[in-house]
Amino acid sequence: MEIIYLFFIFIAIELFETNWQKSDTLYGLLENNFLAFRKSVFLYFILHLSFFYTIYLSFTLNNFGFWMSSIIVLKFLDISLKLSIMKKLSNGLTLEEIIPFNANISPVLRYLNVLIYPLSFLFATAL
């Protein structure tokens, strides 16, 4: 039963994370990230609650299997890539110079993380 509560908390955190980054385009998503980054790098990290929650779950449940480690690695790579882009934006480059295309983000794609990461958590704890 405890796993179900942790699962719903995971969904809530993913919804929070998706909503503060919410945009219809890739450039808009990166601009929202850059606004938080410009305010404070610590704020930027705090807004990525799901990364810290996943680490917390791994240690609390003593679960470092494939699924749980995959979540941590994917979230780490996501934050690392975004930080690299934020640094380039801070150095004066434009989004068009960093990423030459502006992809549209559909609502399904926007909320896919709310499905993928919590389900992966369930696989990590059930298998």
# chains A, B, ... in the order shown; residues from 1 in each chain; ligands from 1
>>> residues_around(residues="region 92-100 of chain A", least_positions_apart="3", cutoff="12 Å", atoms="only C-alpha atoms", output="ChimeraX atom specification")
/A:26-31,34,81-82,84-89,103
>>> residues_around(residues="Leu109 (chain A)", least_positions_apart="6", cutoff="12 Å", atoms="only C-alpha atoms", output="number ranges by chain")
A: 18, 22-26, 103, 115-116
>>> atom_distance(atom1="CA of Ser40 (chain A)", atom2="CA of Pro118 (chain A)")
28.0 Å
>>> closest_residue(among="A:Asn113, A:Ser90, A:Ser80, A:Asn33", to="Ser50 (chain A)", atoms="only C-alpha atoms")
A:Asn113
>>> select_by_dssp(residues="chain A", states="helix (DSSP H, G or I)", output="PyMOL selection string")
chain A and resi 2-20+26-39+41-46+49-60+66-90+95-98+107-110+112-126
>>> write_last_selection(atoms="C-alpha atoms", output="mmCIF file, in the first residue's frame")
data_model
loop_
_atom_site.group_PDB
_atom_site.id
_atom_site.type_symbol
_atom_site.label_atom_id
_atom_site.label_comp_id
_atom_site.auth_asym_id
_atom_site.auth_seq_id
_atom_site.Cartn_x
_atom_site.Cartn_y
_atom_site.Cartn_z
ATOM 1 C CA GLU A 2 2.894 2.344 0.723
ATOM 2 C CA ILE A 3 4.066 1.960 -2.886
ATOM 3 C CA ILE A 4 0.700 3.242 -4.133
ATOM 4 C CA TYR A 5 1.035 6.409 -2.032
ATOM 5 C CA LEU A 6 4.579 6.951 -3.289
ATOM 6 C CA PHE A 7 3.317 6.369 -6.847
ATOM 7 C CA PHE A 8 0.631 9.076 -6.511
ATOM 8 C CA ILE A 9 3.162 11.479 -4.986
ATOM 9 C CA PHE A 10 5.395 10.772 -8.000
ATOM 10 C CA ILE A 11 2.524 11.638 -10.348
ATOM 11 C CA ALA A 12 1.846 14.885 -8.463
ATOM 12 C CA ILE A 13 5.505 15.908 -8.615
ATOM 13 C CA GLU A 14 5.690 15.107 -12.335
ATOM 14 C CA LEU A 15 2.543 17.197 -12.937
ATOM 15 C CA PHE A 16 4.102 20.096 -11.037
ATOM 16 C CA GLU A 17 7.319 19.820 -13.033
ATOM 17 C CA THR A 18 5.477 19.627 -16.334
ATOM 18 C CA ASN A 19 3.287 22.613 -15.541
ATOM 19 C CA TRP A 20 6.060 25.043 -14.599
ATOM 20 C CA LEU A 26 10.449 23.622 -27.603
ATOM 21 C CA TYR A 27 11.758 27.187 -27.536
ATOM 22 C CA GLY A 28 9.025 28.187 -25.077
ATOM 23 C CA LEU A 29 9.899 25.268 -22.807
ATOM 24 C CA LEU A 30 13.566 26.269 -22.844
ATOM 25 C CA GLU A 31 12.680 29.920 -22.228
ATOM 26 C CA ASN A 32 10.651 28.906 -19.160
ATOM 27 C CA ASN A 33 13.654 26.928 -17.930
ATOM 28 C CA PHE A 34 15.939 29.886 -18.606
ATOM 29 C CA LEU A 35 13.699 32.239 -16.600
ATOM 30 C CA ALA A 36 14.047 29.992 -13.549
ATOM 31 C CA PHE A 37 17.781 29.537 -14.189
ATOM 32 C CA ARG A 38 18.363 33.313 -14.402
ATOM 33 C CA LYS A 39 16.646 33.873 -11.059
ATOM 34 C CA VAL A 41 20.540 28.079 -10.188
ATOM 35 C CA PHE A 42 19.387 26.738 -6.814
ATOM 36 C CA LEU A 43 15.789 27.563 -7.681
ATOM 37 C CA TYR A 44 16.310 25.783 -10.983
ATOM 38 C CA PHE A 45 17.454 22.618 -9.206
ATOM 39 C CA ILE A 46 14.671 22.821 -6.616
ATOM 40 C CA LEU A 49 11.730 17.852 -7.642
ATOM 41 C CA SER A 50 11.262 14.520 -9.400
ATOM 42 C CA PHE A 51 15.024 14.012 -9.664
ATOM 43 C CA PHE A 52 15.463 14.434 -5.932
ATOM 44 C CA TYR A 53 12.337 12.410 -5.201
ATOM 45 C CA THR A 54 13.676 9.534 -7.293
ATOM 46 C CA ILE A 55 16.969 9.608 -5.408
ATOM 47 C CA TYR A 56 15.036 9.699 -2.130
ATOM 48 C CA LEU A 57 12.949 6.694 -3.205
ATOM 49 C CA SER A 58 16.030 4.757 -4.265
ATOM 50 C CA PHE A 59 17.669 5.164 -0.887
ATOM 51 C CA THR A 60 14.499 4.780 1.168
ATOM 52 C CA PHE A 66 17.551 -1.305 -13.613
ATOM 53 C CA TRP A 67 14.228 0.571 -13.640
ATOM 54 C CA MET A 68 14.982 2.888 -10.731
ATOM 55 C CA SER A 69 18.497 3.572 -11.980
ATOM 56 C CA SER A 70 17.094 4.273 -15.440
ATOM 57 C CA ILE A 71 14.805 6.946 -14.033
ATOM 58 C CA ILE A 72 17.707 8.589 -12.200
ATOM 59 C CA VAL A 73 19.986 8.479 -15.240
ATOM 60 C CA LEU A 74 17.323 9.887 -17.597
ATOM 61 C CA LYS A 75 16.479 12.702 -15.211
ATOM 62 C CA PHE A 76 20.181 13.463 -14.691
ATOM 63 C CA LEU A 77 20.770 13.582 -18.449
ATOM 64 C CA ASP A 78 17.712 15.804 -18.922
ATOM 65 C CA ILE A 79 18.909 18.303 -16.318
ATOM 66 C CA SER A 80 22.484 18.175 -17.659
ATOM 67 C CA LEU A 81 21.354 18.890 -21.217
ATOM 68 C CA LYS A 82 19.150 21.760 -20.081
ATOM 69 C CA LEU A 83 21.976 23.199 -17.952
ATOM 70 C CA SER A 84 24.269 23.074 -20.976
ATOM 71 C CA ILE A 85 21.697 25.014 -22.985
ATOM 72 C CA MET A 86 21.178 27.481 -20.107
ATOM 73 C CA LYS A 87 24.926 28.137 -19.947
ATOM 74 C CA LYS A 88 25.046 28.814 -23.687
ATOM 75 C CA LEU A 89 22.077 31.173 -23.384
ATOM 76 C CA SER A 90 23.840 32.957 -20.508
ATOM 77 C CA LEU A 95 18.042 29.557 -29.026
ATOM 78 C CA GLU A 96 18.132 29.514 -32.827
ATOM 79 C CA GLU A 97 21.937 29.166 -32.745
ATOM 80 C CA ILE A 98 21.834 26.367 -30.179
ATOM 81 C CA PRO A 107 -0.361 17.964 -24.995
ATOM 82 C CA VAL A 108 0.256 14.203 -25.226
ATOM 83 C CA LEU A 109 4.015 14.709 -25.491
ATOM 84 C CA ARG A 110 3.960 17.363 -22.768
ATOM 85 C CA LEU A 112 4.155 11.786 -21.324
ATOM 86 C CA ASN A 113 6.579 12.036 -18.403
ATOM 87 C CA VAL A 114 3.611 11.851 -16.007
ATOM 88 C CA LEU A 115 2.934 8.394 -17.410
ATOM 89 C CA ILE A 116 6.428 7.052 -18.124
ATOM 90 C CA TYR A 117 8.322 7.837 -14.913
ATOM 91 C CA PRO A 118 5.672 6.767 -12.372
ATOM 92 C CA LEU A 119 5.011 3.554 -14.330
ATOM 93 C CA SER A 120 8.729 2.887 -14.401
ATOM 94 C CA PHE A 121 8.698 3.379 -10.652
ATOM 95 C CA LEU A 122 5.959 0.741 -10.358
ATOM 96 C CA PHE A 123 8.046 -1.647 -12.479
ATOM 97 C CA ALA A 124 11.048 -0.894 -10.272
ATOM 98 C CA THR A 125 9.183 -1.793 -7.108
ATOM 99 C CA ALA A 126 7.109 -4.695 -8.453
#
>>> decode(residues="region 96-124 of chain A", atoms="N, CA and C atoms", output="mmCIF file, in the first residue's frame")
data_model
loop_
_atom_site.group_PDB
_atom_site.id
_atom_site.type_symbol
_atom_site.label_atom_id
_atom_site.label_comp_id
_atom_site.auth_asym_id
_atom_site.auth_seq_id
_atom_site.Cartn_x
_atom_site.Cartn_y
_atom_site.Cartn_z
ATOM 1 N N GLU A 96 18.021 29.919 -31.428
ATOM 2 C CA GLU A 96 18.132 29.514 -32.827
ATOM 3 C C GLU A 96 19.540 29.036 -33.167
ATOM 4 N N GLU A 97 20.552 29.598 -32.513
ATOM 5 C CA GLU A 97 21.937 29.166 -32.745
ATOM 6 C C GLU A 97 22.224 27.829 -32.063
ATOM 7 N N ILE A 98 21.595 27.598 -30.934
ATOM 8 C CA ILE A 98 21.834 26.367 -30.179
ATOM 9 C C ILE A 98 21.048 25.211 -30.774
ATOM 10 N N ILE A 99 19.775 25.447 -31.006
ATOM 11 C CA ILE A 99 18.879 24.426 -31.573
ATOM 12 C C ILE A 99 18.232 25.042 -32.807
ATOM 13 N N PRO A 100 18.561 24.551 -33.992
ATOM 14 C CA PRO A 100 18.114 25.211 -35.222
ATOM 15 C C PRO A 100 16.640 25.004 -35.582
ATOM 16 N N PHE A 101 15.893 24.258 -34.809
ATOM 17 C CA PHE A 101 14.478 24.035 -35.118
ATOM 18 C C PHE A 101 13.628 24.258 -33.874
ATOM 19 N N ASN A 102 12.410 24.706 -34.105
ATOM 20 C CA ASN A 102 11.479 24.944 -33.008
ATOM 21 C C ASN A 102 10.320 23.971 -33.157
ATOM 22 N N ALA A 103 10.376 22.872 -32.447
ATOM 23 C CA ALA A 103 9.358 21.835 -32.567
ATOM 24 C C ALA A 103 8.133 22.183 -31.729
ATOM 25 N N ASN A 104 6.973 21.840 -32.251
ATOM 26 C CA ASN A 104 5.739 21.973 -31.478
ATOM 27 C C ASN A 104 5.643 20.830 -30.481
ATOM 28 N N ILE A 105 5.094 21.124 -29.320
ATOM 29 C CA ILE A 105 4.926 20.114 -28.281
ATOM 30 C C ILE A 105 3.427 19.911 -28.080
ATOM 31 N N SER A 106 2.961 18.732 -28.431
ATOM 32 C CA SER A 106 1.537 18.429 -28.268
ATOM 33 C C SER A 106 1.247 18.148 -26.794
ATOM 34 N N PRO A 107 -0.014 18.271 -26.392
ATOM 35 C CA PRO A 107 -0.361 17.964 -24.995
ATOM 36 C C PRO A 107 -0.003 16.528 -24.598
ATOM 37 N N VAL A 108 -0.106 15.599 -25.531
ATOM 38 C CA VAL A 108 0.256 14.203 -25.226
ATOM 39 C C VAL A 108 1.742 14.115 -24.908
ATOM 40 N N LEU A 109 2.566 14.736 -25.722
ATOM 41 C CA LEU A 109 4.015 14.709 -25.491
ATOM 42 C C LEU A 109 4.376 15.459 -24.216
ATOM 43 N N ARG A 110 3.685 16.551 -23.957
ATOM 44 C CA ARG A 110 3.960 17.363 -22.768
ATOM 45 C C ARG A 110 3.768 16.569 -21.483
ATOM 46 N N TYR A 111 2.737 15.713 -21.447
ATOM 47 C CA TYR A 111 2.420 14.981 -20.227
ATOM 48 C C TYR A 111 2.866 13.513 -20.270
ATOM 49 N N LEU A 112 3.681 13.159 -21.222
ATOM 50 C CA LEU A 112 4.155 11.786 -21.324
ATOM 51 C C LEU A 112 5.006 11.385 -20.120
ATOM 52 N N ASN A 113 5.758 12.335 -19.577
ATOM 53 C CA ASN A 113 6.579 12.036 -18.403
ATOM 54 C C ASN A 113 5.737 11.654 -17.191
ATOM 55 N N VAL A 114 4.504 12.173 -17.120
ATOM 56 C CA VAL A 114 3.611 11.851 -16.007
ATOM 57 C C VAL A 114 3.194 10.384 -16.071
ATOM 58 N N LEU A 115 3.256 9.806 -17.226
ATOM 59 C CA LEU A 115 2.934 8.394 -17.410
ATOM 60 C C LEU A 115 4.184 7.508 -17.313
ATOM 61 N N ILE A 116 5.238 7.911 -18.002
ATOM 62 C CA ILE A 116 6.428 7.052 -18.124
ATOM 63 C C ILE A 116 7.164 6.874 -16.800
ATOM 64 N N TYR A 117 7.504 7.956 -16.119
ATOM 65 C CA TYR A 117 8.322 7.837 -14.913
ATOM 66 C C TYR A 117 7.602 7.137 -13.752
ATOM 67 N N PRO A 118 6.360 7.510 -13.444
ATOM 68 C CA PRO A 118 5.672 6.767 -12.372
ATOM 69 C C PRO A 118 5.456 5.281 -12.706
ATOM 70 N N LEU A 119 5.146 4.977 -13.959
ATOM 71 C CA LEU A 119 5.011 3.554 -14.330
ATOM 72 C C LEU A 119 6.339 2.822 -14.207
ATOM 73 N N SER A 120 7.405 3.492 -14.587
ATOM 74 C CA SER A 120 8.729 2.887 -14.401
ATOM 75 C C SER A 120 9.024 2.646 -12.929
ATOM 76 N N PHE A 121 8.562 3.569 -12.095
ATOM 77 C CA PHE A 121 8.698 3.379 -10.652
ATOM 78 C C PHE A 121 7.942 2.126 -10.186
ATOM 79 N N LEU A 122 6.730 1.951 -10.705
ATOM 80 C CA LEU A 122 5.959 0.741 -10.358
ATOM 81 C C LEU A 122 6.697 -0.523 -10.806
ATOM 82 N N PHE A 123 7.264 -0.495 -12.005
ATOM 83 C CA PHE A 123 8.046 -1.647 -12.479
ATOM 84 C C PHE A 123 9.247 -1.872 -11.566
ATOM 85 N N ALA A 124 9.863 -0.788 -11.122
ATOM 86 C CA ALA A 124 11.048 -0.894 -10.272
ATOM 87 C C ALA A 124 10.718 -1.531 -8.922
#
